[in-house]
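*Asks:* I am sharing upload.cif, which consists of mmCIF, C-alpha atoms:
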data_run
loop_
_atom_site.label_atom_id
_atom_site.label_comp_id
_atom_site.auth_asym_id
_atom_site.auth_seq_id
_atom_site.Cartn_x
_atom_site.Cartn_y
_atom_site.Cartn_z
CA MET A 13 54.91 -91.37 105.42
CA ILE A 14 58.04 -89.86 103.86
CA LYS A 15 56.19 -89.89 100.54
CA HIS A 16 53.39 -87.82 102.03
CA VAL A 17 55.85 -85.22 103.31
CA THR A 18 57.53 -85.01 99.89
CA ALA A 19 54.14 -84.61 98.21
CA MET A 20 53.18 -81.85 100.64
CA LEU A 21 56.52 -80.06 100.08
CA LEU A 22 56.03 -80.22 96.32
CA LEU A 23 52.49 -78.89 96.67
CA ALA A 24 53.74 -76.06 98.90
CA VAL A 25 56.27 -75.05 96.23
CA ILE A 26 53.65 -75.14 93.46
CA GLY A 27 51.23 -73.26 95.71
CA GLY A 28 53.89 -70.62 96.32
CA ILE A 29 54.40 -70.17 92.57
CA PHE A 30 50.64 -69.90 92.07
CA PHE A 31 50.36 -67.35 94.90
CA THR A 32 53.09 -65.19 93.34
CA LEU A 33 51.32 -65.37 89.98
CA TYR A 34 47.99 -64.54 91.58
CA SER A 35 49.14 -61.60 93.67
CA GLY A 36 51.08 -60.10 90.76
CA TYR A 37 48.15 -60.37 88.35
CA ALA A 38 46.66 -57.11 87.11
CA PRO A 39 43.70 -57.49 84.71
CA ASP A 40 44.13 -55.84 81.30
CA THR A 41 41.92 -52.88 80.56
CA GLU A 42 42.57 -52.87 76.81
CA LEU A 43 42.73 -55.77 74.36
CA ASN A 44 46.28 -56.67 73.37
CA THR A 45 47.42 -56.22 69.77
CA THR A 46 46.53 -59.70 68.53
CA ALA A 47 43.10 -59.71 70.16
CA SER A 48 42.16 -56.26 68.89
CA TYR A 49 43.27 -57.26 65.38
CA TYR A 50 40.88 -60.22 65.56
CA ALA A 51 38.10 -58.02 67.01
CA GLU A 52 38.40 -55.40 64.28
CA ASN A 53 39.06 -57.53 61.23
CA THR A 54 37.08 -60.75 61.69
CA ALA A 55 33.77 -59.38 60.39
CA LYS A 56 35.42 -57.45 57.56
CA ASP A 57 37.82 -60.15 56.36
CA LEU A 58 36.11 -63.44 57.12
CA GLY A 59 32.42 -62.57 57.59
CA ALA A 60 32.01 -64.63 60.77
CA THR A 61 30.21 -63.21 63.80
CA ASN A 62 31.63 -65.67 66.32
CA ILE A 63 35.25 -64.53 66.71
CA VAL A 64 36.29 -67.67 68.63
CA THR A 65 35.18 -69.78 65.65
CA ALA A 66 37.04 -67.51 63.24
CA ILE A 67 40.24 -67.96 65.27
CA ILE A 68 39.87 -71.74 65.54
CA VAL A 69 38.92 -72.43 61.92
CA THR A 70 40.78 -69.78 59.96
CA TYR A 71 43.34 -67.65 61.81
CA ARG A 72 44.74 -70.67 63.68
CA GLY A 73 43.40 -73.30 61.28
CA LEU A 74 46.69 -75.18 61.10
CA ASP A 75 46.67 -75.64 64.89
CA THR A 76 43.17 -77.10 64.69
CA LEU A 77 44.29 -79.50 61.97
CA GLY A 78 47.08 -80.59 64.30
CA GLU A 79 44.62 -80.91 67.14
CA VAL A 80 42.22 -83.22 65.33
CA THR A 81 45.29 -85.25 64.35
CA VAL A 82 46.25 -85.56 68.02
CA LEU A 83 42.69 -86.62 68.82
CA PHE A 84 42.84 -89.19 66.00
CA LEU A 85 46.09 -90.51 67.42
CA ALA A 86 44.56 -90.80 70.89
CA ALA A 87 41.55 -92.68 69.48
CA ALA A 88 43.83 -94.94 67.43
CA VAL A 89 46.05 -95.76 70.42
CA VAL A 90 42.96 -96.55 72.55
CA GLY A 91 41.93 -98.99 69.82
CA LEU A 92 45.44 -100.45 69.64
CA VAL A 93 45.82 -100.87 73.41
CA LEU A 94 42.44 -102.58 73.72
CA ALA A 95 42.82 -104.65 70.53
CA ASN A 96 43.54 -107.94 72.32
CA SER A 97 40.87 -107.50 74.98
CA LYS A 98 37.87 -107.53 72.64
CA VAL A 99 35.04 -109.94 73.27
CA ALA A 100 34.88 -112.20 70.24
CA ASP A 101 31.17 -112.89 70.44
CA ALA A 102 28.76 -110.01 70.98
CA ASN A 103 26.32 -112.32 72.76
CA ALA A 104 28.90 -113.57 75.23
CA HIS A 105 27.18 -111.78 78.11
CA ASN A 106 23.85 -113.28 78.88
CA ARG A 107 22.06 -110.11 79.82
CA ALA A 108 18.36 -109.63 80.27
CA PRO A 109 16.75 -108.26 77.09
CA VAL A 110 16.38 -104.49 76.83
CA GLY A 111 13.00 -103.21 77.96
CA GLU A 112 10.48 -101.95 75.42
CA LEU A 113 10.36 -98.44 76.88
CA LEU A 114 14.13 -98.07 76.85
CA ALA A 115 14.44 -99.36 73.28
CA THR A 116 11.64 -97.17 71.92
CA GLY A 117 12.75 -94.12 73.91
CA SER A 118 16.31 -94.31 72.70
CA ARG A 119 15.15 -94.85 69.12
CA ALA A 120 12.98 -91.72 69.37
CA LEU A 121 15.69 -89.57 70.99
CA VAL A 122 18.75 -90.48 68.92
CA PRO A 123 17.64 -88.70 65.68
CA LEU A 124 16.76 -85.59 67.70
CA ILE A 125 20.16 -85.56 69.40
CA LEU A 126 21.89 -86.05 66.02
CA LEU A 127 19.84 -83.15 64.65
CA LEU A 128 20.88 -80.94 67.57
CA GLY A 129 24.51 -81.88 66.97
CA ALA A 130 24.24 -80.99 63.28
CA TYR A 131 22.53 -77.69 64.19
CA VAL A 132 25.31 -76.83 66.62
CA PHE A 133 28.12 -77.40 64.14
CA VAL A 134 26.42 -75.81 61.13
CA ASN A 135 25.76 -72.62 63.13
CA GLY A 136 29.26 -72.48 64.61
CA HIS A 137 30.17 -69.24 62.83
CA LEU A 138 27.08 -67.36 64.12
CA THR A 139 26.32 -68.58 67.63
CA PRO A 140 28.30 -70.25 70.43
CA GLY A 141 29.05 -73.81 69.44
CA GLY A 142 30.79 -75.47 66.56
CA GLY A 143 32.45 -78.63 65.41
CA PHE A 144 33.88 -79.74 68.73
CA GLN A 145 30.68 -79.23 70.71
CA GLY A 146 28.54 -80.66 67.89
CA GLY A 147 30.87 -83.64 67.57
CA ALA A 148 30.54 -84.32 71.29
CA ILE A 149 26.73 -84.13 71.00
CA VAL A 150 26.77 -86.58 68.05
CA ALA A 151 28.95 -88.93 70.10
CA SER A 152 26.52 -88.64 73.03
CA ALA A 153 23.77 -89.97 70.72
CA MET A 154 26.00 -93.02 70.19
CA LEU A 155 26.45 -93.18 73.96
CA LEU A 156 22.68 -93.26 74.44
CA LEU A 157 22.44 -96.21 72.03
CA LEU A 158 25.16 -98.00 73.98
CA LEU A 159 23.49 -97.30 77.32
CA ALA A 160 20.13 -98.57 76.08
CA ASN A 161 21.68 -101.74 74.72
CA PRO A 162 25.18 -102.51 76.06
CA VAL A 163 25.84 -105.39 73.67
CA ARG A 164 25.14 -103.26 70.60
CA ARG A 165 28.02 -103.14 68.14
CA PHE A 166 28.70 -100.20 65.85
CA SER A 167 30.14 -100.64 62.40
CA HIS A 168 33.82 -99.77 62.72
CA ARG A 169 34.01 -99.57 58.98
CA LEU A 170 31.39 -96.80 58.84
CA ILE A 171 33.13 -94.85 61.61
CA ALA A 172 36.47 -95.19 59.80
CA VAL A 173 34.96 -94.09 56.47
CA ILE A 174 33.33 -90.98 58.02
CA GLU A 175 36.52 -90.16 59.90
CA SER A 176 38.86 -90.45 56.92
CA PHE A 177 36.45 -88.79 54.48
CA SER A 178 36.08 -85.69 56.68
CA GLY A 179 39.80 -85.55 57.45
CA LEU A 180 40.72 -85.81 53.78
CA THR A 181 38.17 -83.19 52.68
CA TYR A 182 39.39 -80.86 55.44
CA VAL A 183 42.95 -81.03 54.11
CA LEU A 184 41.76 -80.67 50.49
CA LEU A 185 39.78 -77.53 51.40
CA GLY A 186 42.91 -76.21 53.08
CA ILE A 187 44.97 -76.83 49.93
CA ALA A 188 42.24 -75.18 47.81
CA GLY A 189 42.83 -72.09 49.95
CA LEU A 190 46.46 -72.06 48.74
CA PHE A 191 45.33 -71.76 45.11
CA TRP A 192 42.16 -69.65 45.20
CA ALA A 193 42.61 -67.53 48.32
CA GLY A 194 45.28 -66.12 50.63
CA GLY A 195 46.84 -69.31 52.00
CA PHE A 196 46.40 -72.72 53.58
CA LEU A 197 42.91 -73.09 55.16
CA ASP A 198 41.84 -69.58 54.06
CA ASN A 199 38.03 -69.54 54.17
CA ARG A 200 37.59 -67.12 51.26
CA ILE A 201 37.50 -69.85 48.61
CA LEU A 202 33.71 -69.36 48.86
CA PRO A 203 32.03 -65.91 48.96
CA THR A 204 31.89 -64.47 52.49
CA GLY A 205 28.27 -63.42 51.98
CA GLU A 206 26.20 -61.24 54.25
CA LEU A 207 27.28 -60.94 57.88
CA GLY A 208 25.03 -63.05 60.11
CA ALA A 209 23.44 -65.23 57.41
CA LEU A 210 23.64 -69.03 57.60
CA PHE A 211 25.46 -69.33 54.27
CA SER A 212 28.17 -66.81 54.98
CA ALA A 213 31.75 -66.69 56.23
CA GLY A 214 33.07 -68.58 53.19
CA ALA A 215 34.21 -72.10 53.93
CA ILE A 216 33.95 -71.81 57.76
CA PRO A 217 30.59 -73.67 58.13
CA LEU A 218 31.83 -76.36 55.73
CA ILE A 219 35.15 -76.83 57.52
CA TYR A 220 33.55 -76.76 60.97
CA SER A 221 30.96 -79.37 59.90
CA LEU A 222 33.79 -81.60 58.71
CA ILE A 223 35.57 -81.08 62.04
CA GLY A 224 32.29 -81.96 63.78
CA LEU A 225 31.93 -85.20 61.82
CA LYS A 226 35.56 -86.10 62.45
CA VAL A 227 35.42 -85.37 66.18
CA GLY A 228 32.09 -87.22 66.49
CA ALA A 229 33.54 -90.26 64.68
CA GLU A 230 36.67 -90.22 66.85
CA PHE A 231 34.72 -90.03 70.11
CA SER A 232 32.34 -92.76 68.88
CA SER A 233 35.30 -94.99 68.07
CA ILE A 234 36.75 -94.44 71.58
CA LEU A 235 33.35 -95.25 73.13
CA SER A 236 32.75 -98.34 71.03
CA ASN A 237 36.29 -99.62 71.62
CA LEU A 238 35.84 -99.28 75.37
CA SER A 239 32.40 -100.87 75.30
CA GLU A 240 33.64 -103.90 73.38
CA THR A 241 36.09 -104.91 76.07
CA GLU A 242 35.19 -107.79 78.32
CA GLU A 243 34.36 -107.54 81.97
CA LEU A 244 37.31 -108.61 84.09
CA MET B 30 23.91 -56.51 88.95
CA SER B 31 27.59 -56.54 89.74
CA THR B 32 27.10 -57.53 93.39
CA LEU B 33 24.77 -60.32 92.32
CA MET B 34 27.36 -61.59 89.82
CA ILE B 35 30.07 -61.56 92.47
CA ALA B 36 27.83 -63.40 94.93
CA MET B 37 27.01 -66.01 92.28
CA THR B 38 30.67 -66.42 91.39
CA LEU B 39 31.55 -66.92 95.06
CA LEU B 40 28.77 -69.47 95.50
CA PHE B 41 29.74 -71.49 92.42
CA SER B 42 33.44 -71.31 93.32
CA ALA B 43 32.69 -72.71 96.77
CA THR B 44 30.60 -75.50 95.18
CA VAL B 45 33.39 -76.36 92.73
CA LEU B 46 35.96 -76.57 95.50
CA GLY B 47 33.65 -78.66 97.69
CA ALA B 48 32.95 -81.07 94.84
CA ALA B 49 36.69 -81.30 94.05
CA LEU B 50 37.53 -82.14 97.68
CA MET B 51 34.78 -84.74 97.63
CA ALA B 52 36.17 -86.27 94.42
CA ILE B 53 39.57 -86.64 96.10
CA HIS B 54 38.53 -87.72 99.58
CA THR B 55 35.49 -89.96 99.28
CA LYS B 56 35.95 -93.70 99.82
CA SER B 57 33.55 -94.75 97.08
CA THR B 58 34.81 -94.52 93.49
CA PRO B 59 31.37 -93.97 91.83
CA ILE B 60 30.83 -90.97 94.13
CA ALA B 61 34.27 -89.67 93.16
CA ILE B 62 33.36 -89.94 89.45
CA ILE B 63 30.06 -88.11 89.97
CA ALA B 64 31.82 -85.41 92.01
CA ALA B 65 34.42 -84.94 89.25
CA GLY B 66 31.55 -84.58 86.75
CA LEU B 67 29.98 -82.01 89.08
CA VAL B 68 33.26 -80.04 89.12
CA SER B 69 33.11 -79.83 85.31
CA LEU B 70 29.42 -78.93 85.27
CA ILE B 71 29.74 -76.07 87.78
CA ALA B 72 32.95 -74.94 86.07
CA SER B 73 30.93 -74.61 82.86
CA ILE B 74 28.56 -72.22 84.69
CA LEU B 75 31.63 -70.26 85.83
CA PHE B 76 32.76 -70.09 82.18
CA LEU B 77 29.37 -68.64 81.30
CA ILE B 78 29.79 -65.98 84.00
CA LEU B 79 33.27 -65.28 82.59
CA ALA B 80 31.60 -64.52 79.20
CA ALA B 81 32.92 -67.64 77.44
CA PRO B 82 29.78 -69.40 76.08
CA ASP B 83 31.80 -71.48 73.59
CA VAL B 84 33.99 -72.91 76.32
CA ALA B 85 30.96 -73.43 78.60
CA MET B 86 29.25 -75.54 75.94
CA THR B 87 32.34 -77.62 75.31
CA GLU B 88 32.97 -78.21 79.00
CA ALA B 89 29.34 -79.19 79.63
CA ALA B 90 29.18 -81.59 76.67
CA ILE B 91 32.65 -83.10 76.92
CA GLY B 92 33.95 -82.52 80.45
CA SER B 93 30.85 -83.44 82.39
CA GLY B 94 29.03 -85.62 79.85
CA LEU B 95 31.37 -87.88 77.92
CA THR B 96 34.19 -88.04 80.50
CA THR B 97 31.85 -89.20 83.27
CA PHE B 98 30.49 -91.98 81.10
CA LEU B 99 33.96 -93.05 79.98
CA PHE B 100 34.89 -93.44 83.66
CA PHE B 101 31.77 -95.50 84.35
CA PHE B 102 32.42 -97.74 81.32
CA VAL B 103 35.91 -98.56 82.55
CA LEU B 104 34.82 -98.79 86.22
CA ASN B 105 32.29 -101.40 85.14
CA ARG B 106 35.11 -103.38 83.50
CA VAL B 107 37.53 -103.28 86.45
CA ARG B 108 35.14 -104.30 89.22
CA GLY B 109 37.13 -105.14 92.32
CA GLY B 110 40.09 -102.99 91.37
CA GLU B 111 38.52 -99.84 92.70
CA HIS B 112 39.24 -100.66 96.35
CA ASP B 113 42.96 -101.39 95.98
CA MET C 22 36.57 -58.94 91.16
CA ILE C 23 35.05 -61.88 89.29
CA VAL C 24 38.44 -62.47 87.66
CA GLN C 25 40.22 -62.73 91.00
CA ILE C 26 37.67 -65.19 92.42
CA ALA C 27 37.79 -67.36 89.30
CA LEU C 28 41.60 -67.27 89.18
CA ALA C 29 41.87 -68.27 92.84
CA THR C 30 39.33 -71.08 92.31
CA GLY C 31 41.29 -72.36 89.32
CA PHE C 32 44.60 -72.35 91.18
CA VAL C 33 43.08 -74.12 94.20
CA LEU C 34 41.47 -76.71 91.88
CA ILE C 35 44.88 -77.44 90.31
CA LEU C 36 46.39 -77.87 93.80
CA ILE C 37 43.53 -80.17 94.91
CA GLY C 38 43.99 -82.23 91.74
CA PHE C 39 47.76 -82.55 92.26
CA TYR C 40 47.23 -83.45 95.93
CA GLY C 41 44.82 -86.21 94.92
CA ALA C 42 47.13 -87.52 92.20
CA LEU C 43 50.13 -87.59 94.55
CA THR C 44 48.48 -89.14 97.61
CA ASN C 45 46.07 -91.67 96.11
CA ARG C 46 47.55 -95.06 95.29
CA ASN C 47 44.69 -96.30 93.14
CA LEU C 48 45.31 -95.59 89.43
CA PHE C 49 41.63 -94.92 88.82
CA ARG C 50 41.47 -92.28 91.54
CA MET C 51 44.66 -90.67 90.22
CA ILE C 52 43.03 -90.28 86.78
CA ILE C 53 39.97 -88.64 88.40
CA ALA C 54 42.30 -86.25 90.26
CA PHE C 55 44.00 -85.38 86.96
CA THR C 56 40.68 -84.42 85.37
CA VAL C 57 40.00 -82.11 88.33
CA ALA C 58 43.40 -80.43 87.85
CA ASN C 59 42.62 -80.19 84.12
CA THR C 60 39.41 -78.27 84.84
CA GLY C 61 41.39 -75.94 87.11
CA VAL C 62 43.83 -75.12 84.29
CA HIS C 63 40.91 -74.30 81.96
CA LEU C 64 39.39 -72.01 84.59
CA VAL C 65 42.67 -70.11 85.06
CA LEU C 66 43.16 -69.64 81.30
CA VAL C 67 39.61 -68.38 80.70
CA ALA C 68 39.80 -66.05 83.73
CA VAL C 69 42.97 -64.45 82.35
CA GLY C 70 41.08 -63.43 79.21
CA TYR C 71 38.18 -61.83 81.07
CA MET C 72 37.77 -58.08 81.43
CA ASP C 73 35.26 -56.36 83.68
CA GLY C 74 32.26 -54.80 81.96
CA ARG C 75 32.84 -56.49 78.61
CA THR C 76 30.89 -59.22 76.85
CA ALA C 77 31.46 -62.45 74.93
CA PRO C 78 33.37 -62.27 71.61
CA ILE C 79 30.30 -62.73 69.42
CA LEU C 80 29.13 -59.90 67.17
CA ASP C 81 25.38 -59.26 67.17
CA ALA C 82 22.91 -56.41 67.72
CA ALA C 83 24.38 -55.69 71.15
CA VAL C 84 27.97 -55.64 69.89
CA PRO C 85 28.17 -53.78 66.54
CA VAL C 86 31.21 -54.42 64.37
CA ALA C 87 32.52 -50.86 64.71
CA GLU C 88 32.74 -50.98 68.52
CA ALA C 89 33.88 -54.59 68.76
CA ALA C 90 37.41 -53.83 69.98
CA SER C 91 36.12 -51.87 72.97
CA ARG C 92 33.22 -54.18 73.86
CA ILE C 93 34.45 -57.78 73.76
CA ILE C 94 36.84 -59.79 75.92
CA ASP C 95 40.00 -61.48 74.67
CA PRO C 96 38.94 -64.38 72.37
CA VAL C 97 42.37 -66.04 72.11
CA PRO C 98 42.40 -67.84 75.52
CA GLN C 99 38.89 -69.11 74.80
CA ALA C 100 39.98 -70.67 71.50
CA LEU C 101 42.95 -72.21 73.31
CA VAL C 102 40.83 -73.71 76.10
CA LEU C 103 38.27 -75.05 73.62
CA THR C 104 40.92 -77.22 72.00
CA ALA C 105 42.45 -78.11 75.38
CA ILE C 106 39.14 -79.55 76.63
CA VAL C 107 38.80 -81.80 73.57
CA ILE C 108 42.38 -83.06 73.85
CA GLY C 109 41.76 -83.56 77.59
CA LEU C 110 39.05 -86.12 76.85
CA GLY C 111 41.37 -87.93 74.41
CA ILE C 112 44.10 -88.10 77.05
CA THR C 113 41.66 -89.28 79.75
CA ALA C 114 40.40 -92.03 77.44
CA LEU C 115 43.99 -93.09 76.77
CA MET C 116 44.83 -93.20 80.50
CA LEU C 117 41.68 -95.25 81.19
CA ALA C 118 42.56 -97.70 78.40
CA PHE C 119 46.03 -98.21 79.90
CA ALA C 120 44.52 -98.63 83.38
CA TYR C 121 42.18 -101.31 81.99
CA LYS C 122 45.11 -103.08 80.34
CA LEU C 123 47.13 -103.02 83.58
CA TYR C 124 44.17 -104.43 85.49
CA GLU C 125 43.79 -107.17 82.90
CA LYS C 126 47.42 -108.20 83.36
CA ARG C 127 47.76 -107.86 87.13
CA GLN C 128 44.22 -107.88 88.62
CA THR C 129 45.03 -104.76 90.65
CA LEU C 130 45.03 -100.99 90.23
CA ASP C 131 47.27 -100.25 93.23
CA ILE C 132 50.38 -98.50 91.89
CA SER C 133 52.54 -99.69 94.79
CA LYS C 134 52.11 -103.24 93.41
CA PHE C 135 53.60 -102.29 90.04
CA THR C 136 57.26 -102.61 90.94
CA GLU C 137 58.95 -103.90 87.76
CA LEU C 138 60.72 -100.61 87.07
CA LYS C 139 61.83 -100.05 90.66
CA TRP C 140 65.48 -100.40 91.61
#
Here is a file; write its structure as structure tokens.
*Replies:*
Amino acid sequence: MIKHVTAMLLLAVIGGIFFTLYSGYAPDTELNTTASYYAENTAKDLGATNIVTAIIVTYRGLDTLGEVTVLFLAAAVVGLVLANSKVADANAHNRAPVGELLATGSRALVPLILLLGAYVFVNGHLTPGGGFQGGAIVASAMLLLLLANPVRRFSHRLIAVIESFSGLTYVLLGIAGLFWAGGFLDNRILPTGELGALFSAGAIPLIYSLIGLKVGAEFSSILSNLSETEEL
Amino acid sequence: MSTLMIAMTLLFSATVLGAALMAIHTKSTPIAIIAAGLVSLIASILFLILAAPDVAMTEAAIGSGLTTFLFFFVLNRVRGGEHD
Amino acid sequence: MIVQIALATGFVLILIGFYGALTNRNLFRMIIAFTVANTGVHLVLVAVGYMDGRTAPILDAAVPVAEAASRIIDPVPQALVLTAIVIGLGITALMLAFAYKLYEKRQTLDISKFTELKW
């Protein structure tokens, strides 16, 4: 009971802080300096039409590199924590065989979902979407495979190779920016092209595709690690 | 236009809050998971109203898709623990 | 007006999430409550970047490059929230993995039964 009262008191304090923040909030009418710099210079400097993508991949590219590292760490720790709980034999569960409809349906849908994922991350600099969303869509194709056949095992080696290849290439592209353009992760190592075309915005589509592959591989590794645990 | 947008925002906000209360208060854990997924899904519509299509896509794909299934994977593994 | 509604919704979602995390004793339900609070934080951050009468930060026929600064909303909070959502899934997966491990060791998810660190 005393715990409940303490929790309520704490919530009342937090609620009070939130109320002060809320009642003192006045919406901006003009963009602040940083935002208007991005609004005015993105198209001219980087050639990307989606300003959010330009910020994530180029203006704050180092933050994104850190972020995919954090995600990698999270995936690695999930694997480490669950390492001793793995089922040794994939056929340990005696489940009923997967139905024909489910097997065929998932086989027909998975390539389409992968294609949608690739579309989303290749077009990240033009339309809403990008590496993170595309990576999640790629991972949901893996999820569909797992749902259709729960004892399916993915090749951890393949996931690791895709993950480390895209991470390494991402960093190498960043270093190339140091030599041939303005700085680390500068996208102008390739021509910025015509505004709005698929092959434009320099290295942004390339870098975002690599981020998509990396994020997709990390999510897939989390999913497959969790699915390989045994039922308690 | 503007009145319609405000009405829609109010409606979706009420749905989000209702789903969140349900996620906290329901006795059954699968219902709580579904309600938490619903919070994310409706929040992604709110992001769309707030002119953030990038965030809406991410929230719909990750917040309401993958997270919900992660919860169900683990729930399936800890059968019996959900009522403690 | 939309901003105020969305901000209030976000703040209330955070409070609901905290309430659930503080009052539930089942680890699994606490993690669900945390994801609700997480969504609330995202809603607050995106609402702060919104401005009435403006559109999404994507340049196209409706938003020509020359008028961009007066037509689009603040893109920085959106970029921030985008990364926060992705990290949020990583953190949730980590919490679930630890919950699984605890259940494997103790056959319970009730936090009041985990008393080793209590004095």
*Asks:* Quick one: residues within 8 Å of Leu46 in chain B, only C-alpha atoms counted, chain neighbours fewer than 5 positions away excluded, as a PyMOL selection string?
*Replies:* (chain B and resi 68) or (chain C and resi 30+33-34)
*Asks:* Care to translate the PyMOL selection byres ((chain B) within 7 of (chain A)) into actual residues of this file, as a PyMOL selection string?
*Replies:* chain B and resi 82-83+86-87+90-91+95+102+106-107
*Asks:* Which is closer to Thr56 in chain C than all the others in C:Leu28, C:Leu110, C:Ile79, C:Met22, using only C-alpha atoms?
*Replies:*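 Counting only C-alpha atoms, the residue closest to Thr56 in chain C is C:Leu110.
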*Asks:* The PyMOL selection byres ((chain B) within 8 of (chain C)) - which residues does that actually catch in the file I just gave you? List them as a ChimeraX atom specification.
*Replies:* /B:34-35,38-39,42,45-46,49-50,52-54,58,61-62,65,68-69,72,75-76,79-84,87-88,91-92,95-96,99-100,103,106-107,110-113
*Asks:* Determine the nearest neighbour of Arg72 in chain A from the options C:Leu138, C:Val97, C:Leu80, C:Leu123, counting all atoms listed in the file.
*Replies:*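 When distances to Arg72 in chain A are compared using all atoms listed in the file, the smallest one comes from C:Val97.
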*Asks:* Counting all atoms listed in the file, which residues of chain A come no farther than 7 Å from chain C, as a PyMOL selection string?
*Replies:* chain A and resi 16+19+23+27+30+39-41+43+47-48+51-52+55+61-64+67-68+83+86-87+90+93-94+244
*Asks:* Please list as a compact mmCIF listing (two decimals) with C-alpha atoms, in the frame of the given file every residue within 10 Å of Leu114 in chain A, counting all atoms listed in the file and excluding residues in the same chain fewer than 6 positions away.
*Replies:*
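Dumped to out_36.txt:
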# COMPACT_ATOMS: atom_id res chain seq x y z
CA ALA A 120 12.98 -91.72 69.37
CA LEU A 157 22.44 -96.21 72.03
CA LEU A 159 23.49 -97.30 77.32
CA ALA A 160 20.13 -98.57 76.08
CA ASN A 161 21.68 -101.74 74.72
*Asks:* Taking 6 positions as the minimum chain separation for residues in the same chain, which residues sit within 12 Å of range 187-193 of chain A when counting all atoms listed in the file? Answer as a list in words.
*Replies:*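 Listing them by chain and then by number gives Asp57, Leu58, Thr70, Gly73, Leu74, Leu180, Thr181, Asn199, Arg200, Ile201, Leu202, Pro203, Thr204, Gly214, Ala215, Ile216 and Ile219 of chain A.
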*Asks:* For range 31-44 of chain B, I'd like the enclosing box, axis-aligned and padded by 5 Å on every side, reported as AutoDock Vina command-line options with centre and edge lengths in Å to one decimal.
*Replies:*
--center_x 29.1 --center_y -66.0 --center_z 93.3 --size_x 18.7 --size_y 29.0 --size_z 17.0
*Asks:* In Å, with one decimal, what is the gap from CA of Glu230 in chain A to CA of Leu92 in chain A?
*Replies:*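 Taking CA of Glu230 in chain A and CA of Leu92 in chain A, their separation equals 13.8 Å.
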*Asks:* Report, in Å with one decimal, the straight-line distance from CA of Ala48 in chain B to CA of Ala89 in chain B.
*Replies:* 15.7 Å
*Asks:* As an exercise, work out the distance from CA of Ala213 in chain A to CA of Ala60 in chain A in Å and give it to one decimal place.
*Replies:*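 Separation of CA of Ala213 in chain A and CA of Ala60 in chain A: 5.0 Å.
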*Asks:* I want to know what sits within 9 Å of Phe84 in chain A, based on all atoms listed in the file, with residues of the same chain fewer than 5 positions away left out; could you give that as a ChimeraX atom specification?
*Replies:* /A:79,89,175,226-227,230 /C:111
*Asks:* Near Arg165 in chain A, within 9 Å and counting only C-alpha atoms, which residues show up once chain neighbours fewer than 2 positions away are dropped, as a list in words?
*Replies:* Ala102, Leu158, Pro162, Val163, Ser167, His168, Ser236, Ser239 and Glu240 of chain A
*Asks:* What would range 81-89 of chain C look like with N, CA, C and O atoms restored, written as a tab-separated table (two decimals), in the coordinates of the input?
*Replies:*
chain	number	residue	atom	x	y	z
C	81	ASP	N	26.81	-59.21	67.47
C	81	ASP	CA	25.38	-59.26	67.17
C	81	ASP	C	24.82	-57.86	67.36
C	81	ASP	O	25.57	-56.87	67.34
C	82	ALA	N	23.52	-57.74	67.58
C	82	ALA	CA	22.91	-56.41	67.72
C	82	ALA	C	23.49	-55.65	68.90
C	82	ALA	O	23.63	-54.42	68.85
C	83	ALA	N	23.86	-56.37	69.97
C	83	ALA	CA	24.38	-55.69	71.15
C	83	ALA	C	25.83	-55.26	70.98
C	83	ALA	O	26.29	-54.33	71.64
C	84	VAL	N	26.56	-55.96	70.11
C	84	VAL	CA	27.97	-55.64	69.89
C	84	VAL	C	28.17	-55.34	68.40
C	84	VAL	O	28.50	-56.23	67.63
C	85	PRO	N	27.97	-54.10	67.96
C	85	PRO	CA	28.17	-53.78	66.54
C	85	PRO	C	29.64	-53.89	66.16
C	85	PRO	O	30.53	-53.78	67.00
C	86	VAL	N	29.86	-54.16	64.87
C	86	VAL	CA	31.21	-54.42	64.37
C	86	VAL	C	32.15	-53.26	64.69
C	86	VAL	O	33.30	-53.45	65.08
C	87	ALA	N	31.64	-52.02	64.57
C	87	ALA	CA	32.52	-50.86	64.71
C	87	ALA	C	33.07	-50.74	66.13
C	87	ALA	O	34.19	-50.29	66.33
C	88	GLU	N	32.28	-51.15	67.14
C	88	GLU	CA	32.74	-50.98	68.52
C	88	GLU	C	33.34	-52.26	69.09
C	88	GLU	O	33.63	-52.30	70.29
C	89	ALA	N	33.51	-53.27	68.24
C	89	ALA	CA	33.88	-54.59	68.76
C	89	ALA	C	35.10	-54.53	69.66
C	89	ALA	O	35.10	-55.10	70.75
